[in-house]
Amino acid sequence: MKNVKLILIASVSILAMNCASAAVANDQAESGPAHRDLEMPWRIPAQPLADALIAWSEQSGMIVLVRNDLTDDLKSPEIDGSFTRLEALGVMLAPSRLTYSFKNDQTLIILPRLQTAALVQGPGDAHSITGSPAQGMARPDSTPERAGRSEDSASRDEERDEVVVTGTRIRGAPPAAPQRTITRADIAATGQSQIGEVLRNIPQNSPGGSNRGVQPTPIGDAAANQSNATTVNLRGLGPDATLVLVNGHRLASDSQWGGPDVSVIPVAAIERIEIVTDGASALYGSDAVAGVTNFILRSDYRGAEASARLGGATQGGGFEQNYNFAAGHSWRSGDRSGNALGGVEFLKQKAIGVDQRNFSSTALPGNRLLAPQERVSAFFTGAQDLSAAARLELTALYTDRNAEYSSETALPGLPFTLSSLTRVDVASYLVAPRLAVDLSDEWSVALEATHSLSDNNSQISTSLGSDITDDIRNETSSVDLNAQGTLFDLASGPVRIAAGAGYRRETQLYETSAGSLDRDAARDIGYAYAETLIPLVTPSPDRRGLNRADLSAALRFEEYSDFGSTVNPRLGMRITPLPALVLRGTWGKSFKAPLFRQLETPDQVALFPAAAMGAPGPGAGMVVSGGNPDLDPERSTSWTAGFDWSPQWADGFRLSATYFDVDYTDRIVLPFSSLGSAFADPDLAPFIIRNPSPEQQAAVLSSVETVFNNSGAPYDPANIVGIAFASFVNASAQAFRGVDMSASYAFEAGDARINLFGDASWLDFSQRTLPTQELTPRSGLIFYPAKWRMRSGATIEFGRLTSTAAVNFVAGSTDNFAVPPARVAPWTTLDLNLRYQLPDWSDDVEGLEAALSVTNALDNDPPFAAGGAVSKPGVFFDSTNSSPVGRFIAVTLRQSF
């Protein structure tokens with residue numbers, strides 16, 4: 001019965017478009033110049049309709065606005081022949097219930113077709129439409145829908161629902177920055193149930209830093225994870241150097257380290273993930289140094305969906321339970337419509353102990369490779385038309401999660417070990433309303449507000465009987481007023497602009513029972529921004545060598561209450577010399593504000609034996625540590641150059657490559673990586689006062705509340721040989737250069753549809769810690785990002801069965817902590833996923849979907865790395881670039897209603 005319904009829908013759509021073609025001749029005078037096209041060759045392969053519309057937009061030179069839910073699960077037929085732009089679009093929309101409306105001469109809006117009649121027609125092949133009208137295919141001109149409501153009303157309705165692509169604030173504008181999108185279907189093909197595992201599959205993202213399973217390392221804060229969080233770490237610049245958004249709204253930071261915890265976002269809530277791998281502070285402000293990751297949530301969904309997943313590691317431990325439920329509804333009354341979608345997720349996963357893996361079996365048994373966790377999450381998205389021109393939207397998230405860390409350490413000379421157990425409980429939420437108003441066909445305005453909180457509570461118990469309580473509460477609140485529209489028209493097309501201004505307040509409350517390190521910090525930020533898109537060349541598919549050219553420019557000003565102001569520009573260029581080739585490039589400046597703990601951690605003084613700090617002879621050294629209120633923001637200059645190529649002679653093939661260059665200066669660091677060489681290393685001279693006078697010592701001691709004497713003798717000013725200032729400073733610099741590459745090829749073989757894909761990233765990363773040092777290579781060393789990361793594979797769809805196989809490759813590295821330095825082997829793993837859609841239960845209820853996923857199917861252990869034991873004795877692998885889980889098998893059942 002369902003197949004008959006699909007045939008009726010397709011036949012009515014084709015009939016409606018054929019009937020509409022007769023009306024085009026009468027409507028040309030009022031339809032605008034876009035209707036008076038000449039024929040041109042078209043070769044767009046069969047693919048998801050959303051992707052096909054992007055390809056049509058690039059070749060036609062027109063902007064397409066479409067609501068996300070309208071294209072869900074829809075596919076476009078192959079377009080192969082000579083057509084005008086609107087004829088090709090009509091062929092593309094023919095199998096669907098969609099049509100289009102003109103917003104202006106350069107912009108089309110896709111909207112549902114209003115049907116008043118049905119026609120029964122025999123089955124046909126709607127998957128591949130080739131040739132030309134002369135070969136027997138009627139021209140489906142797909143005239144804009146006019147029945148039931150006005151074109152102006154439909155246009156505004158669709159424009160309000162359209163989501164601006166990350167990387168530009170101008171609706172419908174193609175970004176010049178490199179961007180990749182991970183769709184809901186892509187996530188399903190991986191078989192992953194947690195955001196962290198999805199992000200680990202992206203070559204441009206480093207799994208190191210604040211991420212689950214990452215062990216303590218000797219390289220400092222970048223590898224700290226005190227709350228079992230999952231963060232985004234593009235290029236390995238650090239979780240605090242990637243801006244994370246949810247539907248365009250900022251998430252509050254997790255703990256002290258600056259990176260938001262993205263595990264609070266249920267996988268069931270995600271429609272797609274948009275990742276911009278380029279500095280974007282000119283558009284979004286602080287933290288967007290390495291790029292932006294925007295999690296777009298599902299919105300206009302009708303029905304309900306429930307899923308359950310069970311899985312575990314074949315080597316033991318890590319057993320996972322994951323349950324999801326989501327339900328949504330949409331409605332319409334006249335010109336007003338609305339929708340609501342909500343869902344909940346429960347996740348529980350057991351620990352993996354060091355005794356469950358061969359590469360860590362000699363570690364003390366109180367340590368864990370993976371902390372146990374439990375998480376409950378809920379989400380809501382909704383929208384309601386307030387009038388024909390105004391729409392209110394709401395995004396909301398809530399998560400409560402907990403985890404347990406355990407550690408056991410042996411200290412020389414002690415007949416017993418020291419152990420600790422840390423219980424972490426984190427509650428977080430995001431509430432973000434948005435009011436959008438269409439002022440005219442050309443201009444719209446929006447008022448947005450965001451409030452996000454992350455409250456991290458830790459209870460630490462030690463074998464010595466001491467108990468410590470830490471509570472870190474981060475909050476972010478903002479309001480933003482923005483507008484966009486057409487400034488004026490050039491001969492080459494309309495000059496469009498998006499501009500806005502806003503206010504944001506960030507706070508951090510840190511309370512601890514260990515010493516006097518409490519802080520209550522806050523900052524206020526005012527900002528204004530503007531972005532413009534200038535068409536340099538009139539789009540024309542007939543002009544070989546210069547089909548289209550667009551220049552974008554953006555500028556953002558921000559005023560911080562704690563360190564001053566910053567101005568960040570960005571330029572972008574997109575040139576289309578041929579319909580199948582896009583050349584793009586960007587240049588811009590970005591910044592990252594200092595973290596609160598870097599600014600406002602209370603100072604303290606500690607005394608150590610002088611010999612322990614690298615000074616010969618007797619005496620003691622004084623170390624001053626804490627925050628630095630005089631810090632400046634970290635700054636970067638970046639540029640990219642790349643291309644996207646979809647040759648017409650290879651249907652379904654796409655190749656992209658991007659070169660990137662980031663100079664990251666004024667990075668905030670602790671000047672001493674080890675106090676053992678503080679007085680001996682000449683590079684540290686700017687941070688040392690040798691033979692300080694009693695007055696200099698007194699000035700230091702009077703400025704702090706806490707003094708620790710670890711020197712083994714009473715304090716005597718005459719015995720102090722030096723003062724080491726170990727507070728945070730703007731001293732480090734980093735340089736990141738490399739190439740991102742991706743290729744895909746979709747084709748049909750008999751009744752099967754096959755998609756081959758490959759993504760790779762090569763990174764050259766250098767760093768200096770102090771201004772007196774030279775830049776030295778860091779990529780290719782353990783605990784730092786690998787030089788090469790790749791993922792490639794194939795997806796095959798055959799009837800109800802979909803299978804995916806993917807190979808992951810991480811290049812080898814040098815273990816510079818081993819004596820002598822040793823080579824760490826590359827790490828290659830194989831992931832498999834199999835999904836089967838069972839027959840429908842009834843005409844109204846779809847069949848059950850069953851999936852089997854196997855991660856690391858060959859059960860390849862991480863390569864041996866002796867340096868992994870420097871900070872965690874007995875753990876011999878690099879957890880920054882590999883995972884301790886091993887083969888993980890999971891079964892998922894999903895039912896839609």
# chains A, B, ... in the order shown; residues from 1 in each chain; ligands from 1

$ residues_around --residues "Gln192 of chain A" --least-positions-apart "2" --cutoff "12 Å" --atoms "only C-alpha atoms" --output "PyMOL selection string"
chain A and resi 184-190+194-201+266-268+309-311+320+322+831-833+851-855+888-892

$ write_last_selection --atoms "N, CA and C atoms" --output "mmCIF file, in the first residue's frame"
data_model
loop_
_atom_site.group_PDB
_atom_site.id
_atom_site.type_symbol
_atom_site.label_atom_id
_atom_site.label_comp_id
_atom_site.auth_asym_id
_atom_site.auth_seq_id
_atom_site.Cartn_x
_atom_site.Cartn_y
_atom_site.Cartn_z
ATOM 1 N N ARG A 184 23.116 13.299 9.618
ATOM 2 C CA ARG A 184 22.546 12.251 10.461
ATOM 3 C C ARG A 184 22.773 10.874 9.833
ATOM 4 N N ALA A 185 22.671 10.814 8.504
ATOM 5 C CA ALA A 185 22.918 9.545 7.809
ATOM 6 C C ALA A 185 24.374 9.125 7.939
ATOM 7 N N ASP A 186 25.296 10.096 7.910
ATOM 8 C CA ASP A 186 26.717 9.771 8.080
ATOM 9 C C ASP A 186 26.973 9.170 9.463
ATOM 10 N N ILE A 187 26.338 9.743 10.481
ATOM 11 C CA ILE A 187 26.513 9.221 11.842
ATOM 12 C C ILE A 187 25.957 7.806 11.934
ATOM 13 N N ALA A 188 24.783 7.585 11.316
ATOM 14 C CA ALA A 188 24.197 6.246 11.336
ATOM 15 C C ALA A 188 25.109 5.236 10.654
ATOM 16 N N ALA A 189 25.803 5.671 9.590
ATOM 17 C CA ALA A 189 26.687 4.759 8.866
ATOM 18 C C ALA A 189 27.899 4.345 9.700
ATOM 19 N N THR A 190 28.309 5.180 10.675
ATOM 20 C CA THR A 190 29.442 4.814 11.530
ATOM 21 C C THR A 190 29.040 3.829 12.618
ATOM 22 N N GLN A 194 28.029 7.808 20.610
ATOM 23 C CA GLN A 194 28.531 8.905 21.424
ATOM 24 C C GLN A 194 29.257 9.914 20.535
ATOM 25 N N ILE A 195 29.061 11.182 20.854
ATOM 26 C CA ILE A 195 29.647 12.253 20.046
ATOM 27 C C ILE A 195 31.162 12.122 19.961
ATOM 28 N N GLY A 196 31.796 11.725 21.056
ATOM 29 C CA GLY A 196 33.251 11.616 21.054
ATOM 30 C C GLY A 196 33.762 10.645 20.012
ATOM 31 N N GLU A 197 33.061 9.522 19.829
ATOM 32 C CA GLU A 197 33.487 8.547 18.831
ATOM 33 C C GLU A 197 33.255 9.065 17.425
ATOM 34 N N VAL A 198 32.186 9.831 17.232
ATOM 35 C CA VAL A 198 31.939 10.434 15.919
ATOM 36 C C VAL A 198 33.054 11.419 15.575
ATOM 37 N N LEU A 199 33.445 12.263 16.538
ATOM 38 C CA LEU A 199 34.486 13.254 16.295
ATOM 39 C C LEU A 199 35.848 12.599 16.083
ATOM 40 N N ARG A 200 36.088 11.466 16.713
ATOM 41 C CA ARG A 200 37.368 10.771 16.561
ATOM 42 C C ARG A 200 37.586 10.328 15.113
ATOM 43 N N ASN A 201 36.500 10.156 14.351
ATOM 44 C CA ASN A 201 36.610 9.712 12.961
ATOM 45 C C ASN A 201 36.972 10.836 12.001
ATOM 46 N N PRO A 266 22.708 14.855 22.888
ATOM 47 C CA PRO A 266 22.368 13.474 22.509
ATOM 48 C C PRO A 266 22.523 13.272 21.002
ATOM 49 N N VAL A 267 23.071 12.138 20.611
ATOM 50 C CA VAL A 267 23.210 11.838 19.189
ATOM 51 C C VAL A 267 21.846 11.838 18.509
ATOM 52 N N ALA A 268 20.814 11.385 19.206
ATOM 53 C CA ALA A 268 19.472 11.343 18.629
ATOM 54 C C ALA A 268 18.938 12.727 18.299
ATOM 55 N N ARG A 309 20.560 0.390 22.342
ATOM 56 C CA ARG A 309 21.864 -0.098 21.898
ATOM 57 C C ARG A 309 22.565 -0.758 23.071
ATOM 58 N N LEU A 310 23.125 -1.937 22.820
ATOM 59 C CA LEU A 310 23.934 -2.657 23.797
ATOM 60 C C LEU A 310 25.244 -3.042 23.126
ATOM 61 N N GLY A 311 26.347 -2.852 23.848
ATOM 62 C CA GLY A 311 27.633 -3.192 23.253
ATOM 63 C C GLY A 311 28.705 -3.324 24.310
ATOM 64 N N GLU A 320 28.277 -1.052 27.370
ATOM 65 C CA GLU A 320 27.499 0.173 27.171
ATOM 66 C C GLU A 320 26.023 -0.143 26.961
ATOM 67 N N ASN A 322 22.563 2.167 25.889
ATOM 68 C CA ASN A 322 22.158 3.477 25.389
ATOM 69 C C ASN A 322 20.706 3.374 24.926
ATOM 70 N N ASP A 831 36.594 -0.427 10.808
ATOM 71 C CA ASP A 831 35.255 -0.320 11.390
ATOM 72 C C ASP A 831 34.232 -0.895 10.413
ATOM 73 N N LEU A 832 33.267 -1.635 10.930
ATOM 74 C CA LEU A 832 32.213 -2.237 10.110
ATOM 75 C C LEU A 832 30.853 -1.885 10.690
ATOM 76 N N ASN A 833 29.889 -1.658 9.807
ATOM 77 C CA ASN A 833 28.530 -1.376 10.254
ATOM 78 C C ASN A 833 27.547 -1.967 9.251
ATOM 79 N N ALA A 851 20.791 -2.881 13.545
ATOM 80 C CA ALA A 851 22.145 -2.536 13.120
ATOM 81 C C ALA A 851 23.166 -3.279 13.970
ATOM 82 N N LEU A 852 24.214 -3.708 13.322
ATOM 83 C CA LEU A 852 25.354 -4.337 13.991
ATOM 84 C C LEU A 852 26.593 -3.535 13.635
ATOM 85 N N SER A 853 27.286 -3.020 14.629
ATOM 86 C CA SER A 853 28.504 -2.243 14.386
ATOM 87 C C SER A 853 29.672 -2.880 15.118
ATOM 88 N N VAL A 854 30.818 -2.882 14.455
ATOM 89 C CA VAL A 854 32.039 -3.418 15.032
ATOM 90 C C VAL A 854 33.139 -2.371 14.833
ATOM 91 N N THR A 855 33.555 -1.739 15.906
ATOM 92 C CA THR A 855 34.645 -0.774 15.859
ATOM 93 C C THR A 855 35.963 -1.491 16.146
ATOM 94 N N PHE A 888 35.091 -3.371 19.628
ATOM 95 C CA PHE A 888 33.858 -3.049 20.341
ATOM 96 C C PHE A 888 32.684 -3.433 19.443
ATOM 97 N N ILE A 889 31.833 -4.337 19.935
ATOM 98 C CA ILE A 889 30.693 -4.825 19.163
ATOM 99 C C ILE A 889 29.409 -4.319 19.805
ATOM 100 N N ALA A 890 28.519 -3.762 18.977
ATOM 101 C CA ALA A 890 27.265 -3.213 19.497
ATOM 102 C C ALA A 890 26.118 -3.573 18.565
ATOM 103 N N VAL A 891 24.958 -3.760 19.158
ATOM 104 C CA VAL A 891 23.717 -4.024 18.424
ATOM 105 C C VAL A 891 22.731 -2.919 18.755
ATOM 106 N N THR A 892 22.106 -2.359 17.705
ATOM 107 C CA THR A 892 21.147 -1.274 17.879
ATOM 108 C C THR A 892 19.826 -1.652 17.215
#

$ residues_around --residues "Thr462 of chain A" --least-positions-apart "3" --cutoff "8 Å" --atoms "only C-alpha atoms" --output "list of chain:residue names"
A:Leu418, A:Ser419, A:Ser420, A:Leu421, A:Gly465, A:Ser466, A:Asp467

$ atom_distance --atom1 "atom CA of Leu392 of chain A" --atom2 "atom CA of Arg504 of chain A"
21.1 Å

$ closest_atom_pairs --of "segment 356-458 of chain A" --to "segment 346-352 of chain A" --cutoff "6 Å" --atoms "only C-alpha atoms" --output "CSV"
residue,atom,partner,partner_atom,distance
A:Arg368,CA,A:Ile352,CA,6.0
A:Leu369,CA,A:Ile352,CA,5.5
A:Leu370,CA,A:Ile352,CA,4.9
A:Ala371,CA,A:Ala351,CA,4.9
A:Pro372,CA,A:Ala351,CA,4.2
A:Gln373,CA,A:Gln349,CA,5.4
A:Glu374,CA,A:Lys348,CA,4.4
A:Arg375,CA,A:Leu347,CA,5.1
A:Val376,CA,A:Phe346,CA,4.7

$ select_by_dssp --residues "segment 249-453 of chain A" --states "strand (DSSP E or B)" --output "VMD selection string"
chain A and resid 249 to 250 270 to 276 291 to 297 303 to 313 320 to 333 336 to 349 352 to 353 368 to 370 373 to 385 390 to 410 417 to 438 444 to 453

$ residues_around --residues "segment 591-595 of chain A" --least-positions-apart "6" --cutoff "8 Å" --atoms "only C-alpha atoms" --output "list of chain:residue names"
A:Ala241, A:Gln256, A:Trp257, A:Gly258, A:Ser281, A:Gly285, A:Ser286, A:Asp287, A:Ala288, A:Val289, A:Asn568, A:Leu631, A:Asp632, A:Pro633, A:Glu634, A:Arg635, A:Ser636, A:Ile668

$ write_last_selection --atoms "N, CA, C and O atoms" --output "PDB file, in the first residue's frame"
ATOM      1  N   ALA A 241      40.463  26.362  21.808  1.00  0.00           N
ATOM      2  CA  ALA A 241      40.713  27.134  20.590  1.00  0.00           C
ATOM      3  C   ALA A 241      39.732  26.800  19.472  1.00  0.00           C
ATOM      4  O   ALA A 241      39.898  27.252  18.343  1.00  0.00           O
ATOM      5  N   GLN A 256      37.713  23.934  34.203  1.00  0.00           N
ATOM      6  CA  GLN A 256      38.579  25.121  34.138  1.00  0.00           C
ATOM      7  C   GLN A 256      39.240  25.312  32.781  1.00  0.00           C
ATOM      8  O   GLN A 256      39.925  26.295  32.572  1.00  0.00           O
ATOM      9  N   TRP A 257      39.047  24.366  31.858  1.00  0.00           N
ATOM     10  CA  TRP A 257      39.957  24.291  30.717  1.00  0.00           C
ATOM     11  C   TRP A 257      39.454  24.967  29.452  1.00  0.00           C
ATOM     12  O   TRP A 257      40.127  24.945  28.431  1.00  0.00           O
ATOM     13  N   GLY A 258      38.270  25.545  29.491  1.00  0.00           N
ATOM     14  CA  GLY A 258      37.833  26.379  28.386  1.00  0.00           C
ATOM     15  C   GLY A 258      37.021  25.697  27.317  1.00  0.00           C
ATOM     16  O   GLY A 258      36.261  26.349  26.604  1.00  0.00           O
ATOM     17  N   SER A 281      36.979  34.341  14.021  1.00  0.00           N
ATOM     18  CA  SER A 281      36.652  35.333  15.041  1.00  0.00           C
ATOM     19  C   SER A 281      35.965  36.559  14.459  1.00  0.00           C
ATOM     20  O   SER A 281      35.226  37.254  15.163  1.00  0.00           O
ATOM     21  N   GLY A 285      33.641  35.744  17.104  1.00  0.00           N
ATOM     22  CA  GLY A 285      34.294  36.228  18.303  1.00  0.00           C
ATOM     23  C   GLY A 285      35.341  35.279  18.847  1.00  0.00           C
ATOM     24  O   GLY A 285      35.933  34.478  18.118  1.00  0.00           O
ATOM     25  N   SER A 286      35.565  35.342  20.152  1.00  0.00           N
ATOM     26  CA  SER A 286      36.643  34.608  20.797  1.00  0.00           C
ATOM     27  C   SER A 286      36.503  33.101  20.625  1.00  0.00           C
ATOM     28  O   SER A 286      35.410  32.575  20.445  1.00  0.00           O
ATOM     29  N   ASP A 287      37.657  32.434  20.665  1.00  0.00           N
ATOM     30  CA  ASP A 287      37.800  30.968  20.670  1.00  0.00           C
ATOM     31  C   ASP A 287      37.801  30.340  19.289  1.00  0.00           C
ATOM     32  O   ASP A 287      38.181  29.179  19.157  1.00  0.00           O
ATOM     33  N   ALA A 288      37.379  31.054  18.250  1.00  0.00           N
ATOM     34  CA  ALA A 288      37.285  30.450  16.915  1.00  0.00           C
ATOM     35  C   ALA A 288      38.620  30.537  16.184  1.00  0.00           C
ATOM     36  O   ALA A 288      38.695  30.957  15.037  1.00  0.00           O
ATOM     37  N   VAL A 289      39.707  30.109  16.847  1.00  0.00           N
ATOM     38  CA  VAL A 289      41.042  30.178  16.249  1.00  0.00           C
ATOM     39  C   VAL A 289      41.252  29.025  15.281  1.00  0.00           C
ATOM     40  O   VAL A 289      41.641  29.209  14.128  1.00  0.00           O
ATOM     41  N   ASN A 568      38.954  42.140  14.602  1.00  0.00           N
ATOM     42  CA  ASN A 568      39.378  41.009  13.786  1.00  0.00           C
ATOM     43  C   ASN A 568      38.688  41.051  12.425  1.00  0.00           C
ATOM     44  O   ASN A 568      37.457  41.029  12.348  1.00  0.00           O
ATOM     45  N   LEU A 631      47.507  39.556  31.476  1.00  0.00           N
ATOM     46  CA  LEU A 631      47.596  38.778  30.237  1.00  0.00           C
ATOM     47  C   LEU A 631      46.850  39.447  29.091  1.00  0.00           C
ATOM     48  O   LEU A 631      45.810  40.085  29.283  1.00  0.00           O
ATOM     49  N   ASP A 632      47.375  39.282  27.886  1.00  0.00           N
ATOM     50  CA  ASP A 632      46.706  39.712  26.668  1.00  0.00           C
ATOM     51  C   ASP A 632      46.026  38.516  26.016  1.00  0.00           C
ATOM     52  O   ASP A 632      46.355  37.363  26.314  1.00  0.00           O
ATOM     53  N   PRO A 633      45.101  38.746  25.103  1.00  0.00           N
ATOM     54  CA  PRO A 633      44.495  37.610  24.400  1.00  0.00           C
ATOM     55  C   PRO A 633      45.503  36.922  23.482  1.00  0.00           C
ATOM     56  O   PRO A 633      46.464  37.540  23.016  1.00  0.00           O
ATOM     57  N   GLU A 634      45.292  35.652  23.241  1.00  0.00           N
ATOM     58  CA  GLU A 634      46.071  34.937  22.236  1.00  0.00           C
ATOM     59  C   GLU A 634      45.562  35.343  20.856  1.00  0.00           C
ATOM     60  O   GLU A 634      44.354  35.547  20.659  1.00  0.00           O
ATOM     61  N   ARG A 635      46.473  35.455  19.900  1.00  0.00           N
ATOM     62  CA  ARG A 635      46.089  35.955  18.575  1.00  0.00           C
ATOM     63  C   ARG A 635      46.624  35.033  17.486  1.00  0.00           C
ATOM     64  O   ARG A 635      47.646  34.375  17.651  1.00  0.00           O
ATOM     65  N   SER A 636      45.900  35.027  16.366  1.00  0.00           N
ATOM     66  CA  SER A 636      46.341  34.207  15.238  1.00  0.00           C
ATOM     67  C   SER A 636      46.041  34.911  13.922  1.00  0.00           C
ATOM     68  O   SER A 636      45.122  35.731  13.819  1.00  0.00           O
ATOM     69  N   ILE A 668      49.277  31.508  25.895  1.00  0.00           N
ATOM     70  CA  ILE A 668      49.474  31.607  27.336  1.00  0.00           C
ATOM     71  C   ILE A 668      49.997  30.274  27.864  1.00  0.00           C
ATOM     72  O   ILE A 668      49.372  29.222  27.644  1.00  0.00           O
TER      73      ILE A 668
END

$ select_by_dssp --residues "segment 537-693 of chain A" --states "helix (DSSP H, G or I)" --output "list in words"
Phe596, Arg597, Gln598, Leu599, Glu600, Ala610, Ala611, Ala612, Met613, Leu675, Gly676, Ser677, Pro682, Asp683, Leu684, Ala685, Pro686 and Phe687 of chain A

$ closest_residue --among "A:Phe897, A:Asp859, A:Gly793, A:Thr880" --to "Ser842 of chain A" --atoms "only C-alpha atoms"
A:Phe897

$ closest_residue --among "A:Arg523, A:Ala446, A:Tyr745, A:Gly722" --to "Pro647 of chain A" --atoms "only C-alpha atoms"
A:Tyr745

$ atom_distance --atom1 "atom CA of Ala620 of chain A" --atom2 "atom CA of Gly413 of chain A"
23.1 Å

$ closest_residue --among "A:Arg336, A:Lys589, A:Arg43, A:His451" --to "Arg505 of chain A" --atoms "only C-alpha atoms"
A:His451

$ closest_residue --among "A:Leu411, A:Leu364, A:Leu74, A:Ala612" --to "Leu98 of chain A" --atoms "only C-alpha atoms"
A:Leu74

$ residues_around --residues "Pro45 of chain A" --least-positions-apart "6" --cutoff "12 Å" --atoms "only C-alpha atoms" --output "PyMOL selection string"
chain A and resi 51-53+55-56+75-81+92+127-130+646-654+745-748+753+755

$ residues_around --residues "Ala313 of chain A" --least-positions-apart "4" --cutoff "7 Å" --atoms "only C-alpha atoms" --output "list in words"
Gly317, Gly318, Phe319, Val885, Gly886, Arg887, Phe888 and Ile889 of chain A

$ write_last_selection --atoms "N, CA and C atoms" --output "mmCIF file, in the first residue's frame"
data_model
loop_
_atom_site.group_PDB
_atom_site.id
_atom_site.type_symbol
_atom_site.label_atom_id
_atom_site.label_comp_id
_atom_site.auth_asym_id
_atom_site.auth_seq_id
_atom_site.Cartn_x
_atom_site.Cartn_y
_atom_site.Cartn_z
ATOM 1 N N GLY A 317 35.399 -5.212 29.686
ATOM 2 C CA GLY A 317 35.115 -3.857 30.145
ATOM 3 C C GLY A 317 34.388 -3.016 29.109
ATOM 4 N N GLY A 318 33.984 -1.830 29.537
ATOM 5 C CA GLY A 318 33.379 -0.866 28.630
ATOM 6 C C GLY A 318 31.972 -1.187 28.198
ATOM 7 N N PHE A 319 31.264 -2.129 28.883
ATOM 8 C CA PHE A 319 29.908 -2.479 28.451
ATOM 9 C C PHE A 319 29.020 -1.236 28.463
ATOM 10 N N VAL A 885 40.280 0.922 23.913
ATOM 11 C CA VAL A 885 39.064 0.106 23.964
ATOM 12 C C VAL A 885 39.235 -1.224 23.248
ATOM 13 N N GLY A 886 39.867 -1.231 22.059
ATOM 14 C CA GLY A 886 39.964 -2.456 21.277
ATOM 15 C C GLY A 886 38.687 -2.723 20.511
ATOM 16 N N ARG A 887 38.501 -4.002 20.098
ATOM 17 C CA ARG A 887 37.292 -4.333 19.342
ATOM 18 C C ARG A 887 36.055 -4.101 20.209
ATOM 19 N N PHE A 888 35.091 -3.371 19.628
ATOM 20 C CA PHE A 888 33.858 -3.049 20.341
ATOM 21 C C PHE A 888 32.684 -3.433 19.443
ATOM 22 N N ILE A 889 31.833 -4.337 19.935
ATOM 23 C CA ILE A 889 30.693 -4.825 19.163
ATOM 24 C C ILE A 889 29.409 -4.319 19.805
#

$ residues_around --residues "Pro539 of chain A" --least-positions-apart "3" --cutoff "6 Å" --atoms "only C-alpha atoms" --output "JSON, numbers by chain"
{"A": [61, 547, 548]}

$ residues_around --residues "Thr658 of chain A" --least-positions-apart "3" --cutoff "6 Å" --atoms "only C-alpha atoms" --output "PyMOL selection string"
chain A and resi 641-642+739-740

$ write_last_selection --atoms "C-alpha atoms" --output "short mmCIF file (atom, residue, chain, number, x, y, z; two decimals), in the first residue's frame"
data_model
loop_
_atom_site.label_atom_id
_atom_site.label_comp_id
_atom_site.auth_asym_id
_atom_site.auth_seq_id
_atom_site.Cartn_x
_atom_site.Cartn_y
_atom_site.Cartn_z
CA ALA A 641 43.39 28.13 -0.38
CA GLY A 642 41.50 25.24 -1.88
CA VAL A 739 46.63 20.02 3.68
CA ASP A 740 43.13 18.57 4.01
#

$ closest_atom_pairs --of "segment 355-453 of chain A" --to "segment 269-280 of chain A" --cutoff "12 Å" --atoms "only C-alpha atoms" --output "JSON lines"
{"residue": "A:Ser377", "atom": "CA", "partner": "A:Ala269", "partner_atom": "CA", "distance": 10.1}
{"residue": "A:Ala378", "atom": "CA", "partner": "A:Ala269", "partner_atom": "CA", "distance": 8.9}
{"residue": "A:Phe379", "atom": "CA", "partner": "A:Ala269", "partner_atom": "CA", "distance": 7.0}
{"residue": "A:Phe380", "atom": "CA", "partner": "A:Ala269", "partner_atom": "CA", "distance": 8.5}
{"residue": "A:Thr381", "atom": "CA", "partner": "A:Ala269", "partner_atom": "CA", "distance": 9.2}
{"residue": "A:Thr395", "atom": "CA", "partner": "A:Ala269", "partner_atom": "CA", "distance": 11.1}
{"residue": "A:Ala396", "atom": "CA", "partner": "A:Ala269", "partner_atom": "CA", "distance": 10.9}
{"residue": "A:Leu397", "atom": "CA", "partner": "A:Ala269", "partner_atom": "CA", "distance": 9.7}
{"residue": "A:Tyr398", "atom": "CA", "partner": "A:Ala269", "partner_atom": "CA", "distance": 11.9}

$ atom_distance --atom1 "atom CA of Ala752 of chain A" --atom2 "atom CA of Ser792 of chain A"
19.4 Å

$ closest_residue --among "A:Phe596, A:Val567, A:Ala282, A:Ile782" --to "Thr532 of chain A" --atoms "only C-alpha atoms"
A:Ala282
